[in-house]
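Asker: Got a structure here, written out as structure tokens. Questions coming.
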Amino acid sequence: MNIIMLLVWILILFAVVMLHVAYATYFERKIIGHMQVRVGPMRVGWHGLLQPIADGVKSFFKEDIIPENADKPTFLAAPIICLVAMMTSLAVLPFAKGWVLADIDIGLLFIFAMSSLASYGVVLAGWASNSKYSFLGGLRSMAQVISYEISMGLSLVGVMLMAGSLNLTQIVEAQGDSFLGMYLMPQCIGFFVFFISMLAETNRVPFDLPEAETELVSGYSTEYSGMRYAIFFMAEYIGMMVMASIATICYLGGWNGPFEVALFPPFWFVLKVYLFMFLFIWIRATLPRYRYDQLMDLGWKLLIPLALANIVLTACFRAILA
Amino acid sequence: MEALPKEYLGILLLLIFGVLFGVLTLLVGRFFRLSRPYKEKLVAYESGNEPTEAPRMRFSVKFYLIAILFVVFDVEAIYLYPWAVSYDRLGLFALVEMLLFIALLLVGYVYAWKKGVLQWEK
């Protein structure tokens, strides 16, 4: 693959992902609307279909306020750090066989590295804004993300044990001979831990404490406005997509499905990712927010022991079967 | 460029592309958006009041404890990855060794639990 091909591939990837991010917001508002017996956005376009585009255009015209006490360089860089870290993790995701920008052997590790970097953006935003709400939001976010990163990292060790690789393409291919072509059944404990950690890592309800609007206004993004705020928003949704993709790849068999879809190989992949996106939204519409001490208890006292037990169990089973 | 595997070139390009996208959208927006700052707008938000004290206040030591524990457990997770990847090739010896490693770690974990580090509210 030469450099032109790479650039074209990046452009397509970027355009497709941005379109999905835009419509994920529409999807979320529509679903939550209907779950609460409302109709959601209806005015802009047929059934509000042009709403995300209108929102995007609107944020271009909004004033960009930088608080006078803010640490300016850090304040300006924080949203971009978030966005870049999230976008770079897209590079290693295989959407179908061979549909991957960078088929590297440390794929899963790379995703972890990038999602940790994204939390830098959040912490720096909280610190640089020089506002109490932002500061508390950044602090909480950091403690939450690092706590759940451990359980997430440990839950995926089970998948690595079974697949014998960190390469995401190989993980998908290794799932071929297990039940239903997925690791969902043999790794059900791991999946449970991963799913909860995934919600916490992406700061989604019921773990949206970093931006708990009833107590912290908007958390780390309180002082951000206009396009800068929109960039945080994009990063959050790309993060959701990346996490949903990782769940699909590691536990639901990636692009493999009950039958081949000839014209569009990533069909099953997209379907499964949207299943997870729907779950994200469904949970948001259903559950109240956790309290901070409950959040920490859940992460440290339940998920980490469960993940460790899953590793030991998987290793023992592998040793017996081998 | 020979030392750089070509897969990583894609990652590097995507990274550069991401930075450019972020910077350019903010720069382009500058030509469209308003800018009419005044004093009240630039003050940090505090429910409409004047900010009362320095916002970077002292915070609970519990956050430090969590950070220290994170380092311990994350290093452990990093040790588990290479083990997990080559598990099938290493045989029973690897299993016993890792069980010992996890057992040792559990001792530390139970100690931290008993000391109340994991207890957020006392």
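Ligands are numbered from 1 in the order shown, residues from 1 within each chain, and chains are lettered A, B, ... in the order they appear in the structure tokens.
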Can I get the residues of chain B within 7 Å of chain A, each with the closest pair of atoms and their distance in Å to one decimal, using only C-alpha atoms, sorted chain first then ascending number, as JSON lines?

Answerer:
{"residue": "B:Glu7", "atom": "CA", "partner": "A:Ala102", "partner_atom": "CA", "distance": 4.6}
{"residue": "B:Tyr8", "atom": "CA", "partner": "A:Ala102", "partner_atom": "CA", "distance": 6.5}
{"residue": "B:Gly10", "atom": "CA", "partner": "A:Ala102", "partner_atom": "CA", "distance": 5.9}
{"residue": "B:Ile11", "atom": "CA", "partner": "A:Ala91", "partner_atom": "CA", "distance": 5.9}
{"residue": "B:Leu14", "atom": "CA", "partner": "A:Thr88", "partner_atom": "CA", "distance": 6.0}
{"residue": "B:Leu15", "atom": "CA", "partner": "A:Thr88", "partner_atom": "CA", "distance": 5.5}
{"residue": "B:Gly18", "atom": "CA", "partner": "A:Val84", "partner_atom": "CA", "distance": 5.0}
{"residue": "B:Val19", "atom": "CA", "partner": "A:Val84", "partner_atom": "CA", "distance": 6.0}
{"residue": "B:Gly22", "atom": "CA", "partner": "A:Ile80", "partner_atom": "CA", "distance": 5.6}
{"residue": "B:Leu26", "atom": "CA", "partner": "A:Met227", "partner_atom": "CA", "distance": 6.6}
{"residue": "B:Gly29", "atom": "CA", "partner": "A:Phe60", "partner_atom": "CA", "distance": 5.2}
{"residue": "B:Phe32", "atom": "CA", "partner": "A:Phe61", "partner_atom": "CA", "distance": 5.6}
{"residue": "B:Arg33", "atom": "CA", "partner": "A:Phe61", "partner_atom": "CA", "distance": 4.2}
{"residue": "B:Leu34", "atom": "CA", "partner": "A:Glu63", "partner_atom": "CA", "distance": 5.1}
{"residue": "B:Ser35", "atom": "CA", "partner": "A:Glu63", "partner_atom": "CA", "distance": 5.7}
{"residue": "B:Leu42", "atom": "CA", "partner": "A:Pro67", "partner_atom": "CA", "distance": 4.4}
{"residue": "B:Val43", "atom": "CA", "partner": "A:Pro67", "partner_atom": "CA", "distance": 5.8}
{"residue": "B:Ala44", "atom": "CA", "partner": "A:Ser131", "partner_atom": "CA", "distance": 5.4}
{"residue": "B:Tyr45", "atom": "CA", "partner": "A:Ser131", "partner_atom": "CA", "distance": 6.7}
{"residue": "B:Pro55", "atom": "CA", "partner": "A:Lys132", "partner_atom": "CA", "distance": 4.7}
{"residue": "B:Arg56", "atom": "CA", "partner": "A:Phe135", "partner_atom": "CA", "distance": 6.7}
{"residue": "B:Phe63", "atom": "CA", "partner": "A:Ala143", "partner_atom": "CA", "distance": 6.4}
{"residue": "B:Ile66", "atom": "CA", "partner": "A:Ala143", "partner_atom": "CA", "distance": 6.7}
{"residue": "B:Phe70", "atom": "CA", "partner": "A:Ile146", "partner_atom": "CA", "distance": 6.4}
{"residue": "B:Phe73", "atom": "CA", "partner": "A:Ile150", "partner_atom": "CA", "distance": 6.6}
{"residue": "B:Asp74", "atom": "CA", "partner": "A:Ile150", "partner_atom": "CA", "distance": 6.0}
{"residue": "B:Ala77", "atom": "CA", "partner": "A:Leu154", "partner_atom": "CA", "distance": 6.1}
{"residue": "B:Tyr81", "atom": "CA", "partner": "A:Val157", "partner_atom": "CA", "distance": 6.5}
{"residue": "B:Ala84", "atom": "CA", "partner": "A:Leu161", "partner_atom": "CA", "distance": 4.6}
{"residue": "B:Val85", "atom": "CA", "partner": "A:Gly164", "partner_atom": "CA", "distance": 4.3}
{"residue": "B:Ser86", "atom": "CA", "partner": "A:Gly164", "partner_atom": "CA", "distance": 6.1}
{"residue": "B:Tyr87", "atom": "CA", "partner": "A:Leu161", "partner_atom": "CA", "distance": 6.5}
{"residue": "B:Leu92", "atom": "CA", "partner": "A:Ala319", "partner_atom": "CA", "distance": 6.7}
{"residue": "B:Leu95", "atom": "CA", "partner": "A:Ala315", "partner_atom": "CA", "distance": 6.8}
{"residue": "B:Leu118", "atom": "CA", "partner": "A:Trp300", "partner_atom": "CA", "distance": 6.7}
{"residue": "B:Trp120", "atom": "CA", "partner": "A:Asp293", "partner_atom": "CA", "distance": 5.2}
{"residue": "B:Glu121", "atom": "CA", "partner": "A:Asp293", "partner_atom": "CA", "distance": 6.3}

Asker: Smallest atom-to-atom distance to A:Leu117: which of A:Ala235, A:Ala307, A:Leu271, A:Leu93, using only C-alpha atoms?

Answerer: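 Checking each of A:Ala235, A:Ala307, A:Leu271, A:Leu93 against A:Leu117, counting only C-alpha atoms, the winner is A:Ala235.
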
Asker: Quote the spacing between atom CA of B:Glu40 and atom CA of A:Ser221 in Å to one decimal place.

Answerer: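 Taking atom CA of B:Glu40 as the start and atom CA of A:Ser221 as the end point, the length is 18.4 Å.
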
Asker: Just list as a PyMOL selection string whatever in stretch 101-320 of chain A DSSP marks as helix (DSSP H, G or I).

Answerer: chain A and resi 107-128+132-163+168-177+179-181+188-201+209-211+213-216+219-221+226-251+267-286+292-320

Asker: Do you know which residues are at most 8 Å from A:Val21 counting only C-alpha atoms, after dropping those on the same chain fewer than 4 positions away, and could you put them as a PyMOL selection string?

Answerer: chain A and resi 17+25+234+237-238

Asker: Quick one: distance from atom CA of A:Ala244 to atom CA of B:Glu76 in Å, one decimal?

Answerer: 25.3 Å

Asker: Just the residues within 9 Å of stretch 281-285 of chain A, please, counting only C-alpha atoms, with nothing from its chain fewer than 3 positions along; format it as a count of residues only.

Answerer: 15

Asker: When you draw a straight line from atom CA of A:Gly253 to atom CA of B:Ile78, how long is it in Å?

Answerer: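 Value for the atom CA of A:Gly253-atom CA of B:Ile78 distance: 24.4 Å.
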